[in-house]
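Reproduced below: protein_8.cif, with mmCIF, C-alpha atoms and all ligand atoms.
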data_protein
loop_
_atom_site.label_atom_id
_atom_site.label_comp_id
_atom_site.auth_asym_id
_atom_site.auth_seq_id
_atom_site.Cartn_x
_atom_site.Cartn_y
_atom_site.Cartn_z
CA MET A 27 0.00 0.00 0.00
CA LEU A 28 1.20 3.49 -0.78
CA LEU A 29 2.04 5.30 2.44
CA THR A 30 2.40 9.08 2.73
CA LEU A 31 4.34 10.23 5.77
CA VAL A 32 4.82 13.88 6.69
CA TYR A 33 7.04 15.13 9.53
CA ARG A 34 8.76 18.27 10.74
CA SER A 35 11.98 18.67 12.74
CA HIS A 36 14.56 21.21 13.98
CA VAL A 37 17.92 21.41 12.25
CA SER A 38 20.88 20.74 14.59
CA GLU A 39 23.28 23.55 15.42
CA HIS A 40 26.32 22.13 13.66
CA VAL A 41 24.64 21.66 10.24
CA GLN A 42 25.69 24.01 7.43
CA SER A 43 22.98 24.88 4.91
CA ALA A 44 25.40 24.13 2.09
CA SER A 45 25.68 20.49 3.16
CA LEU A 46 21.96 19.97 2.58
CA GLU A 47 22.38 19.84 -1.21
CA GLY A 48 24.67 16.83 -0.78
CA LEU A 49 22.26 15.19 1.66
CA VAL A 50 19.39 15.52 -0.80
CA ALA A 51 21.43 14.32 -3.78
CA GLN A 52 22.33 11.13 -1.87
CA ALA A 53 18.80 10.77 -0.54
CA SER A 54 17.38 11.04 -4.03
CA ILE A 55 19.52 8.13 -5.30
CA LYS A 56 18.73 5.98 -2.28
CA ASN A 57 15.03 6.77 -2.46
CA GLU A 58 14.81 5.84 -6.12
CA ILE A 59 16.16 2.38 -5.33
CA SER A 60 13.53 1.80 -2.65
CA GLY A 61 10.66 3.34 -4.63
CA ILE A 62 10.33 6.42 -2.39
CA THR A 63 9.47 9.87 -3.69
CA GLY A 64 8.82 13.19 -1.98
CA ILE A 65 10.00 16.67 -1.15
CA LEU A 66 11.98 18.39 1.60
CA LEU A 67 11.37 21.99 2.70
CA PHE A 68 13.82 23.96 4.85
CA ASP A 69 13.24 27.41 6.41
CA GLY A 70 16.66 27.83 8.02
CA THR A 71 15.52 26.30 11.34
CA HIS A 72 12.98 23.60 10.53
CA PHE A 73 12.67 20.77 8.05
CA PHE A 74 9.38 19.60 6.60
CA GLN A 75 9.45 16.40 4.61
CA LEU A 76 6.86 14.43 2.69
CA LEU A 77 7.81 10.83 1.96
CA GLU A 78 5.68 8.49 -0.12
CA GLY A 79 6.19 4.90 -1.20
CA PRO A 80 5.65 1.28 -0.14
CA GLU A 81 4.79 1.19 3.57
CA ASP A 82 7.76 -0.97 4.69
CA ALA A 83 10.26 1.12 2.74
CA VAL A 84 8.92 4.45 4.07
CA ASP A 85 8.82 3.13 7.65
CA ALA A 86 12.40 1.85 7.41
CA LEU A 87 13.63 5.17 5.98
CA TYR A 88 11.73 7.19 8.59
CA SER A 89 13.38 5.19 11.41
CA THR A 90 16.78 6.02 9.89
CA ILE A 91 15.85 9.69 9.47
CA CYS A 92 14.62 9.91 13.09
CA ARG A 93 18.06 8.74 14.30
CA ASP A 94 19.94 11.24 12.08
CA ARG A 95 21.83 13.71 14.30
CA ARG A 96 21.62 16.49 11.72
CA HIS A 97 18.18 17.26 13.13
CA HIS A 98 16.16 16.68 16.30
CA ASN A 99 12.62 17.10 17.74
CA VAL A 100 11.25 15.02 14.87
CA VAL A 101 7.44 15.11 14.98
CA GLU A 102 5.31 12.89 12.75
CA LEU A 103 2.44 15.02 11.45
CA MET A 104 0.65 12.70 9.06
CA ARG A 105 0.57 9.00 8.19
CA ASP A 106 -1.99 8.27 5.52
CA TYR A 107 -2.68 6.07 2.51
CA ALA A 108 -3.29 7.27 -1.02
CA PRO A 109 -4.15 5.80 -4.43
CA SER A 110 -1.33 7.67 -6.19
CA ARG A 111 1.81 9.66 -5.48
CA ARG A 112 1.70 13.42 -5.06
CA PHE A 113 5.33 13.90 -6.10
CA GLY A 114 5.88 10.88 -8.33
CA ASN A 115 8.74 12.29 -10.41
CA VAL A 116 11.28 13.13 -7.74
CA GLY A 117 13.24 10.82 -5.42
CA MET A 118 13.76 13.84 -3.20
CA GLU A 119 13.93 17.55 -3.92
CA LEU A 120 14.89 20.38 -1.58
CA PHE A 121 13.11 23.75 -1.45
CA ASP A 122 14.87 26.39 0.61
CA LEU A 123 12.18 28.80 1.80
CA ARG A 124 14.71 31.54 2.54
CA LYS A 125 15.61 31.92 -1.14
CA HIS A 126 12.19 32.74 -2.60
CA HIS A 127 8.90 34.36 -1.68
CA GLU A 128 6.39 31.89 -0.20
CA ASP A 129 4.05 32.10 -3.20
CA VAL A 130 6.87 31.26 -5.58
CA VAL A 131 7.94 28.28 -3.47
CA LEU A 132 4.39 27.06 -3.12
CA GLN A 133 3.81 27.26 -6.87
CA ALA A 134 7.14 25.56 -7.59
CA VAL A 135 6.26 22.75 -5.16
CA LEU A 136 2.78 22.33 -6.62
CA ASP A 137 4.22 22.31 -10.16
CA LYS A 138 6.11 19.17 -9.17
CA GLY A 139 2.85 17.50 -8.27
CA THR A 140 1.84 14.39 -10.17
CA SER A 141 -1.56 13.68 -8.71
CA LYS A 142 -4.14 15.58 -10.69
CA TYR A 143 -7.07 15.16 -8.33
CA ARG A 144 -5.20 15.51 -5.07
CA LEU A 145 -3.75 18.82 -6.16
CA THR A 146 -7.19 20.07 -7.09
CA TYR A 147 -9.27 18.95 -4.13
CA ASP A 148 -8.66 19.52 -0.43
CA ASP A 149 -5.77 17.30 0.49
CA ARG A 150 -4.36 17.08 4.02
CA ALA A 151 -0.78 16.51 2.93
CA LEU A 152 -0.83 19.59 0.75
CA GLN A 153 -2.58 21.60 3.47
CA PHE A 154 0.26 20.67 5.84
CA LEU A 155 2.70 21.80 3.19
CA CYS A 156 0.96 25.19 2.71
CA THR A 157 0.82 25.73 6.48
CA PHE A 158 4.56 25.10 6.75
CA VAL A 159 5.42 27.37 3.82
CA GLN A 160 3.25 30.15 5.26
CA ALA A 161 4.70 29.52 8.76
CA ARG A 162 1.22 29.42 10.24
CA GLU A 163 1.79 26.91 13.07
CA LYS A 164 5.20 27.99 14.26
CA GLU A 165 4.11 28.74 17.83
CA ASN A 166 3.40 25.01 18.15
CA TYR A 167 6.93 23.94 17.16
CA LEU A 168 8.10 23.39 20.72
CA GLU A 169 11.81 22.80 21.05
CA ILE A 170 12.95 20.54 23.87
CA LEU A 171 16.36 19.50 25.20
CA PRO A 172 17.73 16.00 24.51
CA SER A 173 16.49 13.22 26.82
CA GLY A 174 19.82 12.97 28.67
CA SER A 175 19.86 16.65 29.64
CA TRP A 176 18.14 16.09 33.00
CA SER A 177 19.04 13.94 36.00
CA PHE A 178 16.23 12.67 38.19
CA ILE A 179 17.37 12.73 41.79
CA ALA A 180 15.54 10.87 44.56
CA ASP A 181 14.36 13.19 47.33
CA GLU A 182 16.15 11.88 50.43
CA ALA A 183 13.75 13.77 52.69
CA LEU A 184 10.91 11.53 51.45
CA LYS A 185 12.26 8.15 52.57
CA PRO A 186 9.45 5.56 52.57
CA GLU A 187 7.99 4.75 55.95
CA VAL A 188 6.94 1.32 57.19
CA GLU A 189 3.85 -0.15 55.58
CA PHE A 190 0.64 0.26 57.53
CA ILE A 191 -1.57 -2.78 58.13
CA PHE A 192 -5.38 -2.83 58.37
CA PRO A 193 -7.78 -5.84 58.52
CA GLU A 194 -9.31 -5.01 55.10
CA MET A 195 -5.95 -5.69 53.51
CA GLN A 196 -6.73 -9.41 53.30
CA ASP A 197 -9.01 -8.56 50.37
CA TYR A 198 -7.40 -5.48 48.81
CA SER A 199 -4.88 -2.73 49.36
CA PHE A 200 -4.07 0.71 47.90
CA ALA A 201 -1.11 1.93 45.89
CA PHE A 202 -0.17 5.59 46.35
CA GLN A 203 1.39 7.65 43.60
CA PRO A 204 2.00 11.37 43.87
CA ILE A 205 0.94 14.03 41.36
CA VAL A 206 3.83 16.48 41.24
CA ASP A 207 4.85 19.92 40.06
CA PRO A 208 8.41 18.91 39.16
CA LEU A 209 9.94 22.35 38.59
CA SER A 210 8.65 23.62 41.96
CA LYS A 211 9.66 20.26 43.49
CA GLU A 212 6.25 20.03 45.07
CA ILE A 213 3.92 17.10 45.70
CA VAL A 214 0.49 18.46 44.79
CA SER A 215 -1.62 15.40 45.52
CA TYR A 216 -1.54 11.66 46.20
CA GLU A 217 -3.62 9.33 44.12
CA ALA A 218 -4.79 6.12 45.83
CA THR A 219 -5.50 3.26 43.44
CA LEU A 220 -7.21 0.04 44.51
CA ARG A 221 -5.02 -3.06 44.21
CA GLY A 222 -5.14 -6.73 45.18
CA PRO A 223 -3.72 -7.66 48.61
CA ASP A 224 -0.30 -8.36 47.07
CA GLY A 225 -0.30 -5.23 44.89
CA GLY A 226 -1.63 -6.87 41.72
CA SER A 227 -4.96 -6.26 40.04
CA PRO A 228 -7.98 -6.11 42.40
CA MET A 229 -9.98 -8.14 39.85
CA GLY A 230 -9.73 -11.34 41.96
CA TYR A 231 -11.68 -9.60 44.71
CA PHE A 232 -14.15 -7.82 42.43
CA SER A 233 -14.85 -10.88 40.26
CA GLN A 234 -16.45 -12.62 43.26
CA LEU A 235 -18.99 -9.81 43.55
CA SER A 236 -22.31 -9.48 41.78
CA ARG A 237 -23.19 -6.49 39.56
CA THR A 238 -25.06 -4.84 42.40
CA THR A 239 -22.56 -5.42 45.22
CA ILE A 240 -19.61 -4.28 43.11
CA TYR A 241 -20.59 -0.62 43.52
CA GLU A 242 -20.95 -0.99 47.27
CA ALA A 243 -17.55 -2.69 47.48
CA ASP A 244 -16.03 0.08 45.33
CA LEU A 245 -17.37 2.71 47.72
CA LYS A 246 -16.57 0.91 50.98
CA SER A 247 -13.00 0.20 49.91
CA LYS A 248 -12.29 3.96 50.10
CA LYS A 249 -12.47 3.74 53.89
CA LEU A 250 -9.07 2.02 53.74
CA ALA A 251 -7.65 4.71 51.41
CA PHE A 252 -8.64 7.45 53.91
CA ALA A 253 -7.24 5.45 56.84
CA LEU A 254 -3.93 4.97 55.02
CA ALA A 255 -3.78 8.65 54.05
CA ASN A 256 -4.33 9.54 57.69
CA LYS A 257 -1.45 7.30 58.82
CA MET A 258 0.80 8.63 56.04
CA GLY A 259 0.09 12.17 57.20
CA ILE A 260 -0.62 13.69 53.79
CA SER A 261 -1.07 17.05 55.64
CA ASN A 262 -2.34 19.82 53.35
CA LYS A 263 -2.10 17.83 50.10
CA THR A 264 -5.13 16.58 48.26
CA LEU A 265 -6.00 12.89 48.03
CA CYS A 266 -7.39 11.60 44.78
CA ILE A 267 -9.56 8.48 44.93
CA LYS A 268 -11.05 6.67 41.94
CA LEU A 269 -14.69 5.65 41.80
CA LEU A 270 -16.70 3.86 39.15
CA PRO A 271 -19.00 6.59 37.74
CA MET A 272 -22.14 4.65 38.68
CA THR A 273 -21.08 3.99 42.30
CA LEU A 274 -22.42 7.36 43.43
CA VAL A 275 -25.73 6.58 41.70
CA MET A 276 -26.18 2.94 42.69
CA VAL A 277 -25.23 3.10 46.37
CA PRO A 278 -27.74 5.02 48.50
CA ASP A 279 -26.13 7.76 50.65
CA ALA A 280 -22.74 7.23 49.00
CA VAL A 281 -21.67 10.86 49.48
CA GLU A 282 -22.66 10.76 53.17
CA PHE A 283 -20.59 7.61 53.61
CA LEU A 284 -17.54 9.27 52.03
CA VAL A 285 -17.89 12.43 54.13
CA GLN A 286 -18.25 10.38 57.31
CA GLU A 287 -15.11 8.32 56.57
CA ILE A 288 -13.15 11.40 55.49
CA THR A 289 -13.82 13.23 58.76
CA ALA A 290 -13.38 10.05 60.87
CA ASN A 291 -9.85 9.88 59.48
CA GLY A 292 -8.92 13.46 60.26
CA LEU A 293 -9.28 14.70 56.67
CA VAL A 294 -11.63 17.33 55.22
CA PRO A 295 -13.91 16.91 52.15
CA GLU A 296 -12.24 19.88 50.39
CA GLN A 297 -9.03 17.82 50.42
CA ILE A 298 -10.56 14.93 48.49
CA VAL A 299 -10.71 14.70 44.72
CA VAL A 300 -13.03 12.00 43.39
CA ALA A 301 -11.80 10.79 40.02
CA ILE A 302 -14.35 9.07 37.84
CA THR A 303 -13.04 7.21 34.88
CA GLU A 304 -14.22 8.39 31.53
CA ASN A 305 -14.24 4.75 30.39
CA GLY A 306 -16.98 3.78 32.82
CA VAL A 307 -20.41 3.55 31.32
CA ILE A 308 -22.80 6.22 32.57
CA THR A 309 -26.45 5.26 32.45
CA ARG A 310 -29.33 7.06 34.19
CA GLU A 311 -27.94 10.47 33.32
CA ASP A 312 -30.35 12.45 35.51
CA LYS A 313 -29.39 10.44 38.60
CA PHE A 314 -25.73 10.78 37.74
CA THR A 315 -26.08 14.57 37.48
CA ALA A 316 -27.87 14.66 40.85
CA ALA A 317 -25.07 12.59 42.44
CA MET A 318 -22.45 14.97 41.02
CA LYS A 319 -24.32 17.95 42.52
CA GLN A 320 -24.37 16.24 45.90
CA LEU A 321 -20.67 15.46 45.67
CA LYS A 322 -19.80 19.08 44.87
CA ALA A 323 -22.12 20.37 47.59
CA SER A 324 -20.21 18.28 50.15
CA GLY A 325 -16.98 20.15 49.33
CA MET A 326 -15.25 17.29 47.49
CA ARG A 327 -13.86 17.98 44.07
CA LEU A 328 -14.27 16.09 40.84
CA ALA A 329 -11.73 14.87 38.32
CA ILE A 330 -12.22 12.99 35.06
CA ASP A 331 -9.64 10.24 34.86
CA ASP A 332 -8.27 8.59 31.68
CA PHE A 333 -9.51 11.61 29.74
CA GLY A 334 -9.40 11.09 26.01
CA ALA A 335 -9.46 7.30 26.07
CA GLY A 336 -13.12 6.51 26.58
CA SER A 337 -16.44 7.06 25.01
CA ALA A 338 -17.99 9.84 27.12
CA GLY A 339 -15.20 12.33 26.37
CA LEU A 340 -16.24 15.85 25.59
CA LEU A 341 -19.89 15.24 26.42
CA LEU A 342 -19.00 14.22 29.99
CA LEU A 343 -16.96 17.40 30.24
CA THR A 344 -19.97 19.53 29.35
CA GLN A 345 -22.21 17.63 31.75
CA CYS A 346 -20.28 17.52 34.97
CA GLN A 347 -17.96 20.57 35.22
CA PRO A 348 -14.92 18.81 36.69
CA ASP A 349 -12.21 20.61 38.67
CA LYS A 350 -9.46 18.53 37.11
CA ILE A 351 -8.79 16.45 34.05
CA MET A 352 -6.26 13.64 34.00
CA ILE A 353 -5.11 13.02 30.45
CA ASP A 354 -4.96 9.32 29.60
CA ARG A 355 -1.50 7.73 29.53
CA ASN A 356 -1.99 6.47 25.96
CA ILE A 357 -2.21 10.06 24.74
CA ILE A 358 0.84 11.05 26.80
CA CYS A 359 3.02 8.14 25.57
CA ASP A 360 5.55 9.53 23.02
CA VAL A 361 3.64 12.83 22.71
CA HIS A 362 6.95 14.53 21.80
CA THR A 363 7.10 12.62 18.49
CA SER A 364 3.43 12.65 17.46
CA GLY A 365 1.72 15.57 15.74
CA PRO A 366 -1.82 14.17 16.30
CA LYS A 367 -1.18 13.66 20.05
CA GLN A 368 0.32 17.16 20.33
CA ALA A 369 -2.74 18.66 18.63
CA VAL A 370 -5.08 16.79 21.01
CA VAL A 371 -3.11 17.80 24.13
CA GLN A 372 -2.95 21.43 22.99
CA ALA A 373 -6.71 21.44 22.42
CA ILE A 374 -7.28 19.94 25.90
CA ILE A 375 -5.04 22.62 27.43
CA ARG A 376 -6.94 25.36 25.57
CA PHE A 377 -10.44 24.29 26.56
CA CYS A 378 -9.39 23.51 30.14
CA SER A 379 -7.92 26.99 30.37
CA SER A 380 -11.22 28.48 29.14
CA LEU A 381 -13.10 26.46 31.75
CA GLU A 382 -10.54 26.96 34.59
CA VAL A 383 -10.10 23.17 34.81
CA SER A 384 -6.60 22.07 35.83
CA VAL A 385 -4.81 19.52 33.68
CA ILE A 386 -2.75 16.57 34.91
CA ALA A 387 -0.66 14.45 32.56
CA THR A 388 -0.61 10.82 33.69
CA GLY A 389 1.67 7.92 32.80
CA VAL A 390 4.70 10.13 32.13
CA GLU A 391 7.68 7.83 31.67
CA LYS A 392 10.18 9.62 29.44
CA PRO A 393 12.00 12.91 30.07
CA GLU A 394 11.08 14.08 26.55
CA GLU A 395 7.36 13.55 27.22
CA TRP A 396 7.59 15.68 30.37
CA MET A 397 9.71 18.37 28.62
CA TRP A 398 7.25 18.66 25.76
CA LEU A 399 4.19 18.77 28.06
CA ASP A 400 5.89 21.36 30.26
CA ALA A 401 6.70 23.49 27.21
CA ALA A 402 3.05 23.16 26.12
CA GLY A 403 1.92 24.57 29.48
CA ILE A 404 1.16 21.60 31.76
CA CYS A 405 2.51 21.88 35.34
CA ASN A 406 1.14 18.77 37.07
CA PHE A 407 2.40 15.28 36.27
CA GLN A 408 2.06 11.73 37.42
CA GLY A 409 4.21 8.87 36.27
CA GLU A 410 7.11 6.52 36.78
CA LEU A 411 9.52 9.25 35.68
CA PHE A 412 8.92 10.94 39.05
CA ALA A 413 7.62 8.18 41.35
CA THR A 414 6.61 4.52 41.12
CA PRO A 415 3.32 3.71 42.90
CA ARG A 416 3.93 2.27 46.35
CA LEU A 417 1.66 -0.15 48.17
CA ASN A 418 0.12 1.18 51.38
CA GLY A 419 2.53 4.09 51.77
CA ALA A 420 4.08 7.10 50.06
CA PRO A 421 6.81 6.43 47.47
CA VAL A 422 10.06 8.33 47.07
CA VAL A 423 9.91 11.10 44.46
CA ALA A 424 12.72 11.93 42.02
CA TRP A 425 13.04 15.61 41.07
CA PRO A 426 14.55 16.78 37.79
CA GLU A 427 17.86 18.70 37.78
CA VAL A 428 19.09 20.06 34.46
CA LYS A 429 22.68 18.93 33.83
CA GLN A 430 25.25 21.71 33.97
CA GLU A 431 26.14 21.61 30.27
CA TYR A 432 22.48 22.23 29.35
CA GLN A 433 21.70 24.95 31.91
CA LEU A 434 22.17 27.89 29.55
CA ARG A 435 20.24 26.24 26.72
CA ASP A 436 17.35 25.48 29.05
CA GLN A 437 16.99 29.16 29.88
CA THR A 438 16.96 30.18 26.22
CA LEU A 439 14.30 27.64 25.08
C1 LIG B 1 16.00 16.24 7.19
C2 LIG B 1 16.56 14.98 6.61
C3 LIG B 1 15.94 14.34 5.55
C4 LIG B 1 16.46 13.17 5.01
N1 LIG B 1 15.82 12.57 3.96
C5 LIG B 1 16.31 11.41 3.45
C6 LIG B 1 15.65 10.76 2.38
O1 LIG B 1 14.63 11.18 1.86
N2 LIG B 1 16.21 9.60 1.92
C7 LIG B 1 17.36 9.08 2.43
O2 LIG B 1 17.81 8.03 1.98
N3 LIG B 1 18.00 9.69 3.45
C8 LIG B 1 17.51 10.84 3.97
N4 LIG B 1 18.16 11.45 5.00
C9 LIG B 1 19.43 10.88 5.48
C10 LIG B 1 19.21 9.67 6.35
O3 LIG B 1 18.92 10.09 7.67
C11 LIG B 1 20.46 8.78 6.37
O4 LIG B 1 21.58 9.52 6.74
C12 LIG B 1 20.68 8.18 5.01
O5 LIG B 1 19.52 7.50 4.60
C13 LIG B 1 21.87 7.18 5.02
O6 LIG B 1 21.54 6.15 5.90
P1 LIG B 1 22.46 4.85 5.99
O7 LIG B 1 23.81 5.33 6.38
O8 LIG B 1 21.81 4.02 7.07
O9 LIG B 1 22.41 4.22 4.65
C14 LIG B 1 17.65 12.63 5.55
C15 LIG B 1 18.26 13.27 6.64
C16 LIG B 1 17.74 14.42 7.17
C17 LIG B 1 18.43 15.08 8.33
#

Would you put the structure from the file into structure tokens?
Ligand SMILES: Cc1cc2nc3c(=O)[nH]c(=O)nc-3n(C[C@H](O)[C@H](O)[C@H](O)COP(=O)(O)O)c2cc1C
Amino acid sequence: MLLTLVYRSHVSEHVQSASLEGLVAQASIKNEISGITGILLFDGTHFFQLLEGPEDAVDALYSTICRDRRHHNVVELMRDYAPSRRFGNVGMELFDLRKHHEDVVLQAVLDKGTSKYRLTYDDRALQFLCTFVQAREKENYLEILPSGSWSFIADEALKPEVEFIFPEMQDYSFAFQPIVDPLSKEIVSYEATLRGPDGGSPMGYFSQLSRTTIYEADLKSKKLAFALANKMGISNKTLCIKLLPMTLVMVPDAVEFLVQEITANGLVPEQIVVAITENGVITREDKFTAAMKQLKASGMRLAIDDFGAGSAGLLLLTQCQPDKIMIDRNIICDVHTSGPKQAVVQAIIRFCSSLEVSVIATGVEKPEEWMWLDAAGICNFQGELFATPRLNGAPVVAWPEVKQEYQLRDQTL
């Protein structure tokens, strides 16, 4: 199948513009052998390349290109399939945008086109090309430091305490993972996630329960989370607990139960964030809305967890006015290399800013993911990069320190 792949990247400091002619001449020969065609645009700082050809050949070349040290911050913008090539006559051709006016370049590029219909009708690849030539998206070209530019140093002041033991732990336990503001070196919140007694999935426990008792068990289990938080002494931090969306509807007096257990454990409702997962099916919408009102009226706050992965999505956002949104880990994974993921995260940031909803990125594992999200405007993060979840106690947190050789560059980005 004919794959079209479009990416953009930043040229590396040491690369001379003159050397690009040689690069393209070699690329053109190599591409012809593997049946790849396309074009390369350069504006003095950024590359934009369109590659088209057999899927395996384009994928193999793109992996090689991604590893090329002559550029960095490579972001895949488009991966799509087409009936015919857009630039079928050229193995690779370079257009230097600094040498000609944008209209001239655009016309010259389009003159190379070989696909009659695609050049006539709206075509995403060509729209990407026009946007790059007209420099219309430049504010979104976030430049980040290389992955090795930060060290992550364990906070010695946060040595793990002994594990606390409660009778309920025969059936289940809780893993605690902090939500952090890494640059302020601050733990903002702890999230308590239900686990099996040995730290694995709690499914063994839940699978014994019927459809009606599962909601009650979900609710009652939070008593242990509050008791553990009390022993851990989470002080003025918030505690985030996850609930199935229908638990608050199906269990009578669920909010009263939560408030009672919160206060019995020396916490206050304003300190508790109830995270409902967007993946959970919400039926009985009117009852759900009433339960949300009751929850808010008690002082507790509401978060939508796994945002972006489920089916309720934007509709749930309009219905329940959450205080926080936790972006799903699958969207966060490799966000620094994916144009579609970057566009989604930037849209989430924009609408959350309009609605005064705070955004948390979850599942952050790579320094580059964190750097990109931070550059995009997110301050609160959760993930193995900073702290691994710990069973029945608070884990140690690792804070980022920029390495000395990158300190100046960090300030200029
Ligand atoms: C912006 C940019 C675009 C490139 N485009 C191509 C290309 O279209 N075809 C190609 O063979 N190499 C291209 N290269 C060079 C490859 O990264 C790589 O150096 C080249 O394919 C030789 O790889 P090899 O040594 O593994 O054979 C490009 C490099 C850069 C920095």

With only C-alpha atoms as the counted atoms, please give the residues lying no more than 12 Å from Phe154 in chain A, apart from itself and same-chain residues fewer than 2 positions off, as a compact mmCIF listing (two decimals) with C-alpha atoms, in the frame of the given file.
# COMPACT_ATOMS: atom_id res chain seq x y z
CA LEU A 31 4.34 10.23 5.77
CA VAL A 32 4.82 13.88 6.69
CA TYR A 33 7.04 15.13 9.53
CA ARG A 34 8.76 18.27 10.74
CA LEU A 67 11.37 21.99 2.70
CA PHE A 74 9.38 19.60 6.60
CA GLN A 75 9.45 16.40 4.61
CA LEU A 76 6.86 14.43 2.69
CA GLU A 102 5.31 12.89 12.75
CA LEU A 103 2.44 15.02 11.45
CA MET A 104 0.65 12.70 9.06
CA ARG A 105 0.57 9.00 8.19
CA LEU A 132 4.39 27.06 -3.12
CA ASP A 148 -8.66 19.52 -0.43
CA ASP A 149 -5.77 17.30 0.49
CA ARG A 150 -4.36 17.08 4.02
CA ALA A 151 -0.78 16.51 2.93
CA LEU A 152 -0.83 19.59 0.75
CA CYS A 156 0.96 25.19 2.71
CA THR A 157 0.82 25.73 6.48
CA PHE A 158 4.56 25.10 6.75
CA VAL A 159 5.42 27.37 3.82
CA GLN A 160 3.25 30.15 5.26
CA ALA A 161 4.70 29.52 8.76
CA ARG A 162 1.22 29.42 10.24
CA GLU A 163 1.79 26.91 13.07
CA GLY A 365 1.72 15.57 15.74

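CA of Asp332 in chain A is found 17.4 Å from CA of Ala369 in chain A.
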
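Distances to ligand LIG 1 (chain B) were evaluated for A:Gln368, A:Thr303, A:Gln42, A:Ser89 using all atoms listed in the file, and the minimum falls at A:Ser89.
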
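Remark: for Val206 in chain A, the closest of the candidate residues A:Ser177, A:Gln234, A:Gln408, A:Ser35 is A:Gln408 (distances computed over all atoms listed in the file).
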
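Note that the spacing between CA of Ser233 in chain A and CA of Leu220 in chain A amounts to 14.0 Å.
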
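Counting only C-alpha atoms and comparing A:Ile213, A:Pro172, A:Gly339, A:Ile59, the residue that lies closest to Val428 in chain A is A:Pro172.
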
- Query: Hey, which of A:Gly70, A:Pro426, A:Pro421, A:Pro415 ends up closest to Gly225 in chain A? Count only C-alpha atoms.
  - Reply: A:Pro415

- Could the residues that lie within 8 Å of ligand LIG 1 (chain B), counting all atoms listed in the file, be listed as a PyMOL selection string? chain A and resi 35+37+49-50+52-57+62-66+73-75+77+87-88+90-97+117-118

- Item | Residues near range 249-265 of chain A, cut-off 6 Å, only C-alpha atoms, skip fewer than 3 positions along chain, as a PyMOL selection string | chain A and resi 214-217+246+287+291+297-298

- Item | One-decimal distance in Å that lies between CA of Asp244 in chain A and CA of Ser324 in chain A | 19.3 Å

- Item | Shortest interatomic distance to Val300 in chain A - which of A:Asp349, A:Glu282, A:Asp106, A:Glu182, counting only C-alpha atoms | A:Asp349

- Residues near Met318 in chain A, cut-off 10 Å, all atoms listed in the file, skip fewer than 5 positions along chain, as a list in words: Pro271, Leu274, Val275, Val281, Asp312, Lys313, Ala323, Ser324, Met326, Arg327, Leu328, Gln345, Cys346, Gln347 and Pro348 of chain A

- Item | Which of A:Thr315, A:Gln433, A:Asn166, A:Thr273 sits closest to His362 in chain A [using only C-alpha atoms] | A:Asn166

- Long-range neighbours of range 387-398 of chain A as JSON, numbers by chain, 6 Å cut-off, all atoms listed in the file, 5 positions minimum in chain: {"A": [173, 352, 353, 355, 361, 362, 407, 408, 409, 410, 411]}
